[in-house]
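Engineer: This is upload-v7.txt, which holds compact mmCIF, C-alpha atoms and all ligand atoms:
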```txt
# COMPACT_ATOMS: atom_id res chain seq x y z
CA MET A 1 103.02 92.08 98.83
CA VAL A 2 104.46 93.63 95.67
CA ILE A 3 108.18 93.11 95.07
CA TYR A 4 109.75 95.84 92.97
CA GLU A 5 113.02 94.10 92.09
CA ASP A 6 113.62 92.78 88.55
CA LYS A 7 110.27 93.79 87.22
CA ILE A 8 109.10 94.92 83.79
CA ILE A 9 106.20 97.26 84.27
CA LEU A 10 103.45 98.97 82.28
CA ALA A 11 103.89 102.67 83.12
CA PRO A 12 100.94 104.91 84.01
CA MET A 13 99.31 106.43 80.94
CA VAL A 14 96.19 108.56 80.95
CA ARG A 15 93.42 106.93 78.87
CA ILE A 16 95.72 104.09 77.79
CA GLY A 17 96.14 102.33 81.15
CA THR A 18 92.53 101.19 81.56
CA LEU A 19 91.61 97.59 82.39
CA PRO A 20 91.82 96.01 78.90
CA MET A 21 95.31 97.39 78.23
CA ARG A 22 96.53 96.45 81.70
CA LEU A 23 95.31 92.88 81.26
CA LEU A 24 96.83 92.69 77.79
CA ALA A 25 100.19 93.82 79.19
CA LEU A 26 100.01 91.22 81.96
CA ARG A 27 99.04 88.44 79.55
CA TYR A 28 101.93 89.37 77.26
CA GLY A 29 104.39 89.23 80.15
CA ALA A 30 104.45 92.48 82.16
CA ASP A 31 105.06 91.80 85.85
CA LEU A 32 103.19 94.83 87.18
CA VAL A 33 100.79 97.36 85.66
CA TYR A 34 100.00 100.94 86.64
CA SER A 35 96.58 102.48 86.20
CA GLU A 36 96.24 105.77 84.41
CA GLU A 37 96.59 108.73 86.77
CA LEU A 38 93.31 109.22 88.63
CA ILE A 39 92.66 112.54 90.30
CA ASP A 40 91.82 112.24 94.01
CA TRP A 41 88.70 114.45 94.08
CA LYS A 42 87.26 112.66 91.08
CA PHE A 43 87.80 109.34 92.81
CA LEU A 44 86.20 110.66 95.99
CA ARG A 45 82.89 111.25 94.26
CA SER A 46 82.80 107.63 93.09
CA LYS A 47 81.10 104.68 94.69
CA ARG A 48 82.52 101.14 94.83
CA THR A 49 80.26 98.62 93.11
CA VAL A 50 80.77 94.91 92.51
CA ASN A 51 79.79 94.09 88.93
CA ASP A 52 78.49 90.51 89.07
CA ILE A 53 78.22 90.20 85.32
CA LEU A 54 81.72 91.32 84.34
CA HIS A 55 83.21 90.06 87.62
CA THR A 56 84.85 93.39 88.16
CA VAL A 57 84.97 95.99 90.88
CA ASP A 58 83.82 99.32 89.50
CA TYR A 59 84.27 102.77 90.98
CA VAL A 60 81.39 104.70 89.49
CA ASP A 61 81.29 108.49 89.40
CA GLN A 62 78.12 109.45 91.24
CA THR A 63 77.59 112.59 89.26
CA ASP A 64 77.59 111.19 85.75
CA GLY A 65 77.68 107.40 86.04
CA THR A 66 81.05 107.01 84.30
CA ILE A 67 83.49 104.34 85.43
CA VAL A 68 86.41 106.05 87.15
CA PHE A 69 88.30 102.81 87.76
CA ARG A 70 87.47 99.23 86.86
CA THR A 71 89.55 96.32 88.11
CA CYS A 72 89.28 92.53 88.40
CA ASN A 73 90.79 89.58 90.21
CA GLU A 74 93.26 88.74 87.45
CA GLU A 75 95.24 91.90 88.16
CA LYS A 76 94.56 92.25 91.88
CA GLU A 77 98.08 91.36 93.02
CA LYS A 78 99.71 93.33 90.20
CA VAL A 79 97.84 96.56 89.66
CA ILE A 80 99.19 99.79 91.07
CA LEU A 81 96.76 102.66 91.30
CA GLN A 82 98.35 105.98 90.43
CA LEU A 83 96.87 109.01 92.11
CA GLY A 84 97.09 112.65 91.16
CA THR A 85 96.93 114.63 94.38
CA CYS A 86 98.28 117.63 96.25
CA ASP A 87 96.72 116.80 99.58
CA ALA A 88 97.70 114.10 102.06
CA GLY A 89 94.23 113.83 103.60
CA ARG A 90 92.45 113.41 100.28
CA ALA A 91 95.06 110.96 99.02
CA LEU A 92 94.61 108.84 102.14
CA LYS A 93 90.83 108.83 101.78
CA VAL A 94 91.10 107.48 98.23
CA ALA A 95 93.80 105.00 99.17
CA LYS A 96 91.63 103.66 102.00
CA LEU A 97 88.74 103.24 99.55
CA VAL A 98 90.78 101.08 97.18
CA GLU A 99 93.20 99.48 99.63
CA ASN A 100 91.65 96.02 99.30
CA ASP A 101 91.25 96.14 95.53
CA VAL A 102 94.78 97.03 94.36
CA ALA A 103 98.34 95.87 95.03
CA ALA A 104 99.88 99.28 95.72
CA ILE A 105 99.42 103.04 95.48
CA ASP A 106 101.64 105.38 93.49
CA ILE A 107 101.68 109.17 93.64
CA ASN A 108 102.27 111.03 90.41
CA MET A 109 105.07 113.56 90.94
CA GLY A 110 106.18 113.70 87.34
CA CYS A 111 103.34 115.15 85.30
CA PRO A 112 104.39 118.49 83.71
CA LYS A 113 100.96 119.29 82.26
CA GLU A 114 99.43 122.67 83.10
CA PHE A 115 96.36 121.00 84.60
CA SER A 116 98.54 119.17 87.15
CA ILE A 117 100.86 122.04 87.93
CA LYS A 118 98.02 124.53 88.45
CA GLY A 119 96.43 122.06 90.85
CA GLY A 120 99.69 121.69 92.80
CA MET A 121 100.03 118.09 91.58
CA GLY A 122 102.57 116.21 89.43
CA VAL A 123 105.95 117.95 89.11
CA ALA A 124 104.62 120.84 91.21
CA LEU A 125 105.12 118.56 94.21
CA LEU A 126 108.84 118.24 93.45
CA ALA A 127 109.20 121.97 94.11
CA GLN A 128 107.66 121.36 97.54
CA PRO A 129 109.59 118.36 98.88
CA ASP A 130 108.11 118.71 102.39
CA LYS A 131 104.60 118.48 101.05
CA ALA A 132 105.53 115.56 98.79
CA TYR A 133 107.16 113.81 101.74
CA ASN A 134 104.10 114.43 103.91
CA ILE A 135 101.73 112.87 101.37
CA LEU A 136 103.92 109.77 101.09
CA LYS A 137 104.49 109.46 104.85
CA THR A 138 100.74 109.76 105.55
CA LEU A 139 100.05 106.94 103.13
CA VAL A 140 102.91 104.73 104.30
CA ASP A 141 101.85 105.10 107.96
CA ASN A 142 98.21 104.31 107.35
CA LEU A 143 98.07 101.73 104.57
CA SER A 144 98.61 97.98 104.53
CA ILE A 145 99.82 98.04 100.91
CA PRO A 146 103.05 99.47 99.48
CA VAL A 147 103.33 103.12 98.49
CA THR A 148 105.58 104.50 95.75
CA CYS A 149 105.95 107.68 93.73
CA LYS A 150 107.02 108.52 90.20
CA ILE A 151 109.21 111.58 89.67
CA ARG A 152 111.19 113.37 87.00
CA ILE A 153 114.91 114.09 87.37
CA GLN A 154 116.20 117.45 88.67
CA GLU A 155 118.82 119.64 86.94
CA THR A 156 121.76 117.57 88.19
CA PRO A 157 122.31 113.96 89.32
CA GLU A 158 123.23 115.26 92.81
CA LYS A 159 120.03 117.29 93.19
CA THR A 160 118.03 114.30 91.95
CA LEU A 161 119.65 112.08 94.56
CA GLU A 162 118.99 114.63 97.30
CA LEU A 163 115.31 114.70 96.39
CA VAL A 164 115.05 110.91 96.16
CA GLU A 165 116.70 110.52 99.58
CA LYS A 166 114.15 112.86 101.12
CA LEU A 167 111.20 111.04 99.51
CA ALA A 168 112.65 107.60 100.33
CA SER A 169 112.90 108.54 104.02
CA SER A 170 109.08 108.47 104.12
CA GLY A 171 109.24 104.69 103.95
CA ILE A 172 108.09 104.23 100.33
CA SER A 173 108.75 100.81 98.82
CA ALA A 174 110.24 101.97 95.49
CA ILE A 175 110.58 105.03 93.27
CA GLY A 176 109.91 105.44 89.57
CA ILE A 177 112.29 107.87 87.86
CA HIS A 178 111.53 109.32 84.44
CA GLY A 179 114.94 110.41 83.14
CA ARG A 180 113.83 113.81 81.87
CA THR A 181 113.50 117.17 83.63
CA ARG A 182 110.16 118.92 83.99
CA ASP A 183 110.87 121.04 80.91
CA GLU A 184 112.10 118.23 78.69
CA ARG A 185 109.75 116.52 76.26
CA PRO A 186 109.60 112.93 74.96
CA GLN A 187 111.77 113.80 71.93
CA HIS A 188 114.66 114.84 74.21
CA ALA A 189 117.29 112.26 75.08
CA VAL A 190 116.72 110.39 78.30
CA HIS A 191 119.36 110.92 81.02
CA THR A 192 120.18 107.35 81.95
CA ASP A 193 123.28 108.59 83.81
CA PHE A 194 121.11 110.56 86.26
CA ILE A 195 119.04 107.46 87.00
CA LYS A 196 122.22 105.40 87.42
CA HIS A 197 123.69 107.94 89.83
CA VAL A 198 120.62 107.53 92.05
CA SER A 199 120.24 103.75 91.61
CA GLN A 200 123.79 103.19 92.84
CA ARG A 201 123.30 105.24 95.99
CA ILE A 202 119.79 104.56 97.21
CA SER A 203 118.62 101.45 99.05
CA ILE A 204 115.03 101.24 97.74
CA PRO A 205 114.40 99.79 94.25
CA VAL A 206 114.56 102.31 91.41
CA ILE A 207 112.21 101.81 88.47
CA ALA A 208 113.83 103.40 85.41
CA ASN A 209 111.60 105.10 82.88
CA GLY A 210 111.89 107.14 79.69
CA GLY A 211 113.61 104.74 77.31
CA SER A 212 110.77 103.87 74.94
CA LYS A 213 112.33 105.54 71.89
CA GLU A 214 115.27 103.14 72.09
CA ILE A 215 113.21 100.09 73.10
CA GLU A 216 112.13 98.33 69.95
CA LYS A 217 112.28 94.73 71.13
CA TYR A 218 112.22 92.77 74.36
CA GLY A 219 116.03 92.59 74.67
CA ASP A 220 116.28 96.40 74.52
CA ILE A 221 114.48 96.62 77.86
CA PHE A 222 117.48 95.04 79.56
CA LYS A 223 119.96 97.29 77.74
CA PHE A 224 118.06 100.28 79.15
CA LYS A 225 117.99 98.67 82.60
CA ASP A 226 121.77 98.15 82.49
CA LEU A 227 122.38 101.74 81.40
CA CYS A 228 120.30 102.96 84.36
CA GLY A 229 121.66 100.41 86.85
CA SER A 230 118.10 100.15 88.10
CA SER A 231 116.15 97.37 89.79
CA SER A 232 113.28 97.51 87.33
CA VAL A 233 112.06 99.19 84.16
CA MET A 234 108.77 100.86 83.36
CA LEU A 235 107.54 101.28 79.76
CA ALA A 236 104.96 103.74 78.51
CA ARG A 237 105.06 104.59 74.80
CA ALA A 238 106.70 101.34 73.67
CA ALA A 239 103.74 99.52 75.22
CA GLU A 240 101.21 102.03 73.95
CA TRP A 241 102.43 101.42 70.37
CA ASN A 242 102.78 97.65 70.65
CA CYS A 243 101.90 96.06 73.94
CA SER A 244 103.52 92.76 72.93
CA ILE A 245 106.85 94.45 73.75
CA PHE A 246 106.41 92.60 77.08
CA ARG A 247 106.62 89.20 75.34
CA LYS A 248 109.86 87.30 75.91
CA GLU A 249 109.10 85.46 72.64
CA GLY A 250 109.15 88.71 70.65
CA LEU A 251 106.79 91.26 69.16
CA LEU A 252 103.47 90.25 67.61
CA PRO A 253 102.11 91.85 64.43
CA MET A 254 100.02 94.97 65.00
CA ASP A 255 96.78 93.32 63.84
CA THR A 256 97.19 90.49 66.35
CA VAL A 257 97.73 93.01 69.15
CA ILE A 258 94.65 94.99 68.12
CA LYS A 259 92.54 91.81 68.01
CA ASP A 260 93.78 90.69 71.42
CA TYR A 261 93.08 94.15 72.79
CA LEU A 262 89.62 94.40 71.22
CA LYS A 263 88.56 91.06 72.71
CA LEU A 264 89.48 92.32 76.16
CA ALA A 265 87.69 95.60 75.51
CA VAL A 266 84.55 93.62 74.65
CA ASP A 267 84.99 91.19 77.56
CA TYR A 268 85.21 94.08 80.00
CA ASP A 269 82.64 96.31 78.32
CA ASN A 270 85.20 99.06 77.85
CA SER A 271 83.77 102.34 76.58
CA PRO A 272 83.96 102.69 72.79
CA SER A 273 85.66 106.09 73.05
CA ASN A 274 88.45 104.74 75.23
CA THR A 275 88.83 101.64 73.07
CA LYS A 276 89.03 103.78 69.95
CA TYR A 277 91.64 106.06 71.51
CA CYS A 278 93.88 103.11 72.42
CA ILE A 279 93.62 101.58 68.94
CA GLN A 280 94.34 104.96 67.33
CA ASN A 281 97.57 105.00 69.31
CA ILE A 282 98.47 101.57 68.00
CA LEU A 283 97.60 102.47 64.41
CA ARG A 284 99.35 105.87 64.56
CA GLU A 285 100.20 106.97 61.00
CA LEU A 286 98.18 104.02 59.62
CA GLN A 287 95.05 105.96 60.55
CA ASP A 288 95.61 107.76 57.27
CA THR A 289 94.89 104.68 55.13
CA PRO A 290 91.54 103.41 53.77
CA ARG A 291 91.20 100.98 56.66
CA GLY A 292 92.36 103.63 59.14
CA ARG A 293 89.75 106.06 57.88
CA GLN A 294 87.10 103.35 58.09
CA PHE A 295 88.19 102.82 61.68
CA LEU A 296 88.00 106.53 62.48
CA ASP A 297 84.33 106.51 61.47
CA CYS A 298 83.55 103.81 64.06
CA GLN A 299 81.55 104.73 67.12
CA THR A 300 80.65 101.36 68.60
CA LEU A 301 82.68 98.37 69.71
CA LYS A 302 80.80 96.29 67.18
CA GLN A 303 81.82 98.57 64.32
CA MET A 304 85.46 98.43 65.44
CA CYS A 305 85.33 94.67 65.87
CA ALA A 306 83.94 94.24 62.35
CA ILE A 307 87.16 95.68 60.89
CA TRP A 308 89.18 92.96 62.61
CA ASP A 309 86.68 90.12 61.93
CA LEU A 310 85.47 90.07 65.51
CA GLU A 311 81.91 91.19 64.87
CA ASP A 312 80.45 87.80 65.88
CA TYR A 313 82.61 87.68 68.99
CA CYS A 314 81.39 91.12 69.98
CA PHE A 315 77.75 90.40 69.19
CA LYS A 316 77.74 87.14 71.20
CA LYS A 317 79.45 88.66 74.20
CA GLN A 318 77.26 91.76 74.24
CA SER A 319 74.10 89.68 73.86
CA GLU A 320 75.26 87.41 76.68
CA TYR A 321 75.84 90.40 78.96
CA HIS A 322 72.59 91.98 77.89
CA ASN A 323 70.65 88.78 78.68
CA MET A 324 72.31 88.68 82.08
CA GLY A 325 70.90 92.15 82.67
CA ILE A 326 74.03 94.29 82.46
CA ALA A 327 73.35 97.95 83.08
CA SER A 328 75.00 99.31 80.01
CA ARG A 329 76.25 102.84 79.58
CA TRP A 330 73.00 104.30 78.24
CA GLN A 331 71.05 102.77 81.11
CA VAL A 332 73.14 104.55 83.71
CA ASN A 333 70.84 107.19 85.02
CA PRO A 334 72.61 110.02 86.80
CA ILE A 335 69.26 111.28 88.04
CA ASN A 336 69.13 108.28 90.36
CA LEU A 337 72.66 108.74 91.56
CA GLU A 338 73.78 110.71 94.55
CA PRO A 339 74.32 113.60 94.84
CA PRO A 340 71.49 114.70 92.54
CA ASN A 341 72.65 116.12 89.25
CA LYS A 342 71.58 119.74 89.38
CA LYS A 343 72.19 120.27 85.68
CA CYS A 344 69.36 117.94 84.73
CA LYS A 345 66.13 119.92 85.08
CA THR A 346 63.54 117.20 84.73
CA GLU A 347 61.07 119.13 86.94
CA ASP A 348 60.48 121.43 83.99
CA THR A 349 59.05 118.54 82.04
CA ASN A 350 55.42 119.13 81.07
CA THR A 351 52.99 116.70 79.48
CA ASP A 352 54.10 117.79 76.08
CA ILE A 353 57.59 116.41 76.59
CA ILE A 354 58.73 112.83 76.59
CA GLN A 355 62.19 111.93 77.72
CA SER A 356 64.05 108.94 76.50
CA LYS A 357 67.67 107.90 76.67
CA VAL A 358 69.00 106.78 73.34
CA CYS A 359 72.37 105.91 72.07
CA PHE A 360 73.36 108.64 69.63
CA ILE A 361 75.40 107.16 66.82
CA ARG A 362 76.38 109.97 64.54
CA ALA A 363 76.80 107.77 61.48
CA ASN A 364 73.17 106.68 61.75
CA PHE A 365 71.83 110.19 61.20
CA THR A 366 71.55 111.86 57.85
CA ASP A 367 72.75 115.44 57.84
CA SER A 368 69.33 116.84 56.99
CA LEU A 369 67.62 114.94 59.77
CA LYS A 370 70.35 115.85 62.24
CA THR A 371 69.78 119.54 61.63
CA LYS A 372 66.03 119.22 61.77
CA VAL A 373 66.14 117.13 64.88
CA PHE A 374 68.46 119.40 66.75
CA ASN A 375 66.46 122.44 65.75
CA GLN A 376 63.11 121.04 66.56
CA CYS A 377 63.02 118.56 69.30
CA VAL A 378 66.14 116.81 70.40
CA LEU A 379 68.44 118.33 72.95
CA PRO A 380 71.61 116.64 74.01
CA VAL A 381 71.62 116.91 77.79
CA MET A 382 74.36 114.66 78.99
CA THR A 383 77.59 113.18 77.74
CA TYR A 384 78.94 109.77 78.62
CA GLY A 385 82.37 109.84 77.09
CA ALA A 386 82.36 111.07 73.52
CA GLU A 387 80.12 108.51 71.98
CA THR A 388 76.97 108.02 73.98
CA TRP A 389 74.67 110.94 74.47
CA THR A 390 71.47 111.04 76.37
CA LEU A 391 68.93 112.89 74.34
CA THR A 392 65.77 114.51 75.47
CA VAL A 393 63.21 113.80 72.83
CA GLY A 394 60.53 116.38 73.26
CA LEU A 395 57.29 117.74 71.98
CA VAL A 396 54.94 114.89 71.46
CA HIS A 397 53.14 116.69 68.65
CA ARG A 398 56.35 116.40 66.71
CA CYS A 399 56.55 112.78 67.67
CA LYS A 400 57.03 111.57 64.12
CA VAL A 401 60.40 113.21 64.01
CA ALA A 402 61.25 111.71 67.39
CA GLN A 403 60.30 108.30 66.13
CA ARG A 404 62.51 108.70 63.11
CA VAL A 405 65.34 109.68 65.43
CA MET A 406 64.84 106.52 67.42
CA GLU A 407 64.69 104.39 64.30
CA GLN A 408 67.70 105.99 62.74
CA ALA A 409 69.67 105.74 65.95
CA ARG A 410 68.96 102.00 65.86
CA ILE A 411 68.69 102.03 69.59
CA HIS A 412 70.85 99.35 71.05
CA PRO A 413 71.94 98.88 74.63
CA TYR A 414 75.57 99.16 73.67
CA GLY A 415 77.05 102.36 72.41
C1 LIG B 1 99.71 108.75 76.50
C2 LIG B 1 100.54 108.98 77.73
C3 LIG B 1 99.92 109.18 78.95
C4 LIG B 1 100.70 109.37 80.11
N1 LIG B 1 100.05 109.46 81.31
C5 LIG B 1 100.79 109.46 82.45
C6 LIG B 1 100.17 109.34 83.72
O1 LIG B 1 98.94 109.23 83.84
N2 LIG B 1 100.96 109.37 84.83
C7 LIG B 1 102.33 109.46 84.75
O2 LIG B 1 103.01 109.46 85.78
N3 LIG B 1 102.94 109.55 83.55
C8 LIG B 1 102.21 109.51 82.42
N4 LIG B 1 102.84 109.52 81.21
C9 LIG B 1 104.31 109.51 81.16
C10 LIG B 1 104.81 108.08 81.05
O3 LIG B 1 104.41 107.29 82.16
C11 LIG B 1 106.33 108.05 80.96
O4 LIG B 1 106.88 108.65 82.09
C12 LIG B 1 106.88 108.75 79.72
O5 LIG B 1 106.09 108.47 78.58
C13 LIG B 1 108.32 108.30 79.45
O6 LIG B 1 108.39 106.90 79.35
P1 LIG B 1 108.50 106.13 77.94
O7 LIG B 1 109.77 106.57 77.30
O8 LIG B 1 108.50 104.67 78.27
O9 LIG B 1 107.32 106.54 77.12
C14 LIG B 1 102.11 109.37 80.03
C15 LIG B 1 102.72 109.19 78.79
C16 LIG B 1 101.96 108.99 77.65
C17 LIG B 1 102.65 108.76 76.34
```
Let's see the structure in the file written out as structure tokens.
Ligand SMILES: Cc1cc2nc3c(=O)[nH]c(=O)nc-3n(C[C@H](O)[C@H](O)[C@H](O)COP(=O)(O)O)c2cc1C
Structural biologist:
Amino acid sequence: MVIYEDKIILAPMVRIGTLPMRLLALRYGADLVYSEELIDWKFLRSKRTVNDILHTVDYVDQTDGTIVFRTCNEEKEKVILQLGTCDAGRALKVAKLVENDVAAIDINMGCPKEFSIKGGMGVALLAQPDKAYNILKTLVDNLSIPVTCKIRIQETPEKTLELVEKLASSGISAIGIHGRTRDERPQHAVHTDFIKHVSQRISIPVIANGGSKEIEKYGDIFKFKDLCGSSSVMLARAAEWNCSIFRKEGLLPMDTVIKDYLKLAVDYDNSPSNTKYCIQNILRELQDTPRGRQFLDCQTLKQMCAIWDLEDYCFKKQSEYHNMGIASRWQVNPINLEPPNKKCKTEDTNTDIIQSKVCFIRANFTDSLKTKVFNQCVLPVMTYGAETWTLTVGLVHRCKVAQRVMEQARIHPYG
């Protein structure tokens, strides 16, 4: 059972908090790690699959074959799945699905983005404390694992405490508090005094959050904790920029962190687009350097690995997985998944059309061919993340062009 006292935690971050980053944080010293926020209805259209090759548990979206959530044994006791929801019934259904794969469930009540608010999720729930309470109570009463939520502060310390007391009465095991109001942005100062006011008066552990701008080294985490008087601390941006912030021994150079991250991305067959996004957020302004620009042109894990001298590592690992029969991203066939994908009209196929899934790597196409191909016979019909497209190669009498497409795409099982 998760203990929330005296913990240093990787905060939930959309697109950053996928398996490789969570494992990196744990290996560097984080005690607990949150997943990125996953929206309940998206999770509900996924199917749980055990991946014997990667030794992971994958929740695969049945409509497009993408991995909604991937986890493994190494993090099983330490990973907290964060849900975006506005409905107790749906939240419970998802929580029941994952109950045996994760250490705890957290409900996001702090996201101020329009997408969340319009859907009645995130901070919208804080304006409806009864509804927020009901979601938490439903989960607490029906799950065998701990339940928590992550909120933003209210306009005053007193109002924040009042809200926390209400939510805590649902039986949650801890509460994450981001010390900014719903209208404040990351550049605004964090209200450590608000968090302290609550920490001193509430019996459940408070996980303080929002201090990344002032947290430049390991010791700073404890200064922030003291200011907030909290049980634990949760870091988002400080970890996004340099995940080795969790190391007691001190920060590692950026290139070491990128290499450690890339190896995990390869080990767990992370999608190239997600891997690229995470590295971009480590590189930050260094993207505008010759090496940064070279990196921005990358579309495959192998290309990214080459920049950090990990090309051989990547090649060996991918070949190993391939030989073991891994179903890589381009092999995922939504047509075979349930429910049937209505957008894919394969019935229209006549004898003049051949269909083939290829990995579309933009850099492998010349501009002239790209135009010709798109005009004449290749239609992108599906997107797996940003980097791997399924193409319908049509019109056999223009087959020569199709063949050139295949050659130029240098079809490879890994995008
Ligand atoms: C890239 C990014 C993605 C985020 N995604 C989430 C999320 O999925 N769920 C959530 O509750 N908060 C999310 N947040 C907010 C952080 O968890 C955190 O509350 C905020 O960044 C303040 O903490 P910090 O000062 O340590 O960065 C995100 C923040 C960033 C920078």
Engineer: Check which residues of chain A sit at most 7 Å from ligand LIG 1 (chain B) using all atoms listed in the file, and return one row each with the closest pair of atoms and their distance in Å to one decimal, ordered by chain and rising number, as a Markdown table.
Structural biologist:
```
| residue | atom | partner | partner_atom | distance |
| --- | --- | --- | --- | --- |
| A:Ala11 | CA | B:LIG1 | O3 | 4.7 |
| A:Pro12 | CA | B:LIG1 | C6 | 4.5 |
| A:Met13 | CA | B:LIG1 | N1 | 3.1 |
| A:Val14 | CA | B:LIG1 | N1 | 4.0 |
| A:Arg15 | CA | B:LIG1 | C3 | 6.9 |
| A:Ile16 | CA | B:LIG1 | C1 | 6.3 |
| A:Glu36 | CA | B:LIG1 | O1 | 4.4 |
| A:Glu37 | CA | B:LIG1 | O1 | 3.8 |
| A:Asn108 | CA | B:LIG1 | O2 | 4.9 |
| A:Met109 | CA | B:LIG1 | O2 | 6.9 |
| A:Gly110 | CA | B:LIG1 | O2 | 5.5 |
| A:Cys111 | CA | B:LIG1 | O2 | 5.7 |
| A:Lys150 | CA | B:LIG1 | O2 | 6.0 |
| A:His178 | CA | B:LIG1 | O4 | 5.3 |
| A:Pro186 | CA | B:LIG1 | C13 | 6.6 |
| A:Asn209 | CA | B:LIG1 | O6 | 5.1 |
| A:Gly210 | CA | B:LIG1 | O7 | 3.2 |
| A:Gly211 | CA | B:LIG1 | O7 | 4.3 |
| A:Ser212 | CA | B:LIG1 | O7 | 3.7 |
| A:Lys213 | CA | B:LIG1 | O7 | 6.1 |
| A:Met234 | CA | B:LIG1 | O8 | 6.4 |
| A:Leu235 | CA | B:LIG1 | O8 | 3.8 |
| A:Ala236 | CA | B:LIG1 | O8 | 3.7 |
| A:Arg237 | CA | B:LIG1 | O9 | 3.8 |
| A:Ala238 | CA | B:LIG1 | O8 | 6.0 |
```
Engineer: Is there a way to get, as a VMD selection string, all residues within 12 Å of the point (96.2, 101.6, 109.0) in file coordinates, counting only C-alpha atoms?
Structural biologist: chain A and resid 92 to 93 95 to 96 99 138 to 146
Engineer: Enumerate, as number ranges by chain, the protein, DNA and RNA residues whose atoms approach (104.5, 96.8, 73.1) to within 9 Å, taking into account only C-alpha atoms and the coordinate frame of the file.
Structural biologist: A: 25, 28, 216-218, 235-247, 251-252, 257
Engineer: Under the rule that only C-alpha atoms are counted, which of A:Leu283, A:Tyr277, A:Gly176, A:Lys263 is the nearest residue to A:Asp309?
Structural biologist: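 So, comparing all the options, the nearest one is A:Lys263.
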Engineer: To one decimal place in Å, what is the distance between atom CA of A:Gly171 and atom CA of A:Ile9?
Structural biologist: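 Computed distance, atom CA of A:Gly171 to atom CA of A:Ile9, equals 21.3 Å.
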Engineer: Kindly give the distance, in Å, that separates atom CA of A:Ile258 and atom CA of A:Asp101, rounded to a single decimal.
Structural biologist: 27.6 Å
Engineer: To one decimal place, how far is atom CA of A:Glu155 from atom CA of A:Phe194 in Å?
Structural biologist: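 According to the coordinates, atom CA of A:Glu155 and atom CA of A:Phe194 are separated by 9.4 Å.
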Engineer: Tell me, as a ChimeraX atom specification, which residues lie within 9 Å of A:Ala91, counting all atoms listed in the file; anything in the same chain fewer than 5 positions away does not count.
Structural biologist: /A:40-41,83-86,96,107,135,138-139
Engineer: Would you export the selected residues with C-alpha atoms as a PDB file, keeping the file's coordinate frame, please?
Structural biologist:
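File result_2.pdb, as written:
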```pdb
ATOM      1  CA  ASP A  40      91.820 112.240  94.010  1.00  0.00           C
ATOM      2  CA  TRP A  41      88.700 114.450  94.080  1.00  0.00           C
ATOM      3  CA  LEU A  83      96.870 109.010  92.110  1.00  0.00           C
ATOM      4  CA  GLY A  84      97.090 112.650  91.160  1.00  0.00           C
ATOM      5  CA  THR A  85      96.930 114.630  94.380  1.00  0.00           C
ATOM      6  CA  CYS A  86      98.280 117.630  96.250  1.00  0.00           C
ATOM      7  CA  LYS A  96      91.630 103.660 102.000  1.00  0.00           C
ATOM      8  CA  ILE A 107     101.680 109.170  93.640  1.00  0.00           C
ATOM      9  CA  ILE A 135     101.730 112.870 101.370  1.00  0.00           C
ATOM     10  CA  THR A 138     100.740 109.760 105.550  1.00  0.00           C
ATOM     11  CA  LEU A 139     100.050 106.940 103.130  1.00  0.00           C
TER      12      LEU A 139
END
```
Engineer: Name the closest residue to A:Lys259 among the candidates A:Leu24, A:Ile117, A:Leu126, A:Leu81; distances are taken between atoms, counting all atoms listed in the file.
Structural biologist: A:Leu24
Engineer: Please supply stretch 272-280 of chain A, rebuilt with N, CA and C atoms, as a PDB file, in the frame of the given file.
Structural biologist:
```pdb
ATOM      1  N   PRO A 272      83.478 102.586  74.174  1.00  0.00           N
ATOM      2  CA  PRO A 272      83.960 102.690  72.790  1.00  0.00           C
ATOM      3  C   PRO A 272      84.964 103.827  72.604  1.00  0.00           C
ATOM      4  N   SER A 273      84.733 104.958  73.271  1.00  0.00           N
ATOM      5  CA  SER A 273      85.660 106.090  73.050  1.00  0.00           C
ATOM      6  C   SER A 273      87.056 105.755  73.550  1.00  0.00           C
ATOM      7  N   ASN A 274      87.139 105.103  74.705  1.00  0.00           N
ATOM      8  CA  ASN A 274      88.450 104.740  75.230  1.00  0.00           C
ATOM      9  C   ASN A 274      89.116 103.666  74.365  1.00  0.00           C
ATOM     10  N   THR A 275      88.310 102.714  73.917  1.00  0.00           N
ATOM     11  CA  THR A 275      88.830 101.640  73.070  1.00  0.00           C
ATOM     12  C   THR A 275      89.385 102.230  71.769  1.00  0.00           C
ATOM     13  N   LYS A 276      88.618 103.158  71.214  1.00  0.00           N
ATOM     14  CA  LYS A 276      89.030 103.780  69.950  1.00  0.00           C
ATOM     15  C   LYS A 276      90.350 104.545  70.131  1.00  0.00           C
ATOM     16  N   TYR A 277      90.431 105.271  71.234  1.00  0.00           N
ATOM     17  CA  TYR A 277      91.640 106.060  71.510  1.00  0.00           C
ATOM     18  C   TYR A 277      92.880 105.147  71.569  1.00  0.00           C
ATOM     19  N   CYS A 278      92.738 104.026  72.269  1.00  0.00           N
ATOM     20  CA  CYS A 278      93.880 103.110  72.420  1.00  0.00           C
ATOM     21  C   CYS A 278      94.279 102.529  71.069  1.00  0.00           C
ATOM     22  N   ILE A 279      93.284 102.161  70.253  1.00  0.00           N
ATOM     23  CA  ILE A 279      93.620 101.580  68.940  1.00  0.00           C
ATOM     24  C   ILE A 279      94.223 102.639  68.024  1.00  0.00           C
ATOM     25  N   GLN A 280      93.736 103.871  68.122  1.00  0.00           N
ATOM     26  CA  GLN A 280      94.340 104.960  67.330  1.00  0.00           C
ATOM     27  C   GLN A 280      95.828 105.082  67.642  1.00  0.00           C
TER      28      GLN A 280
END
```
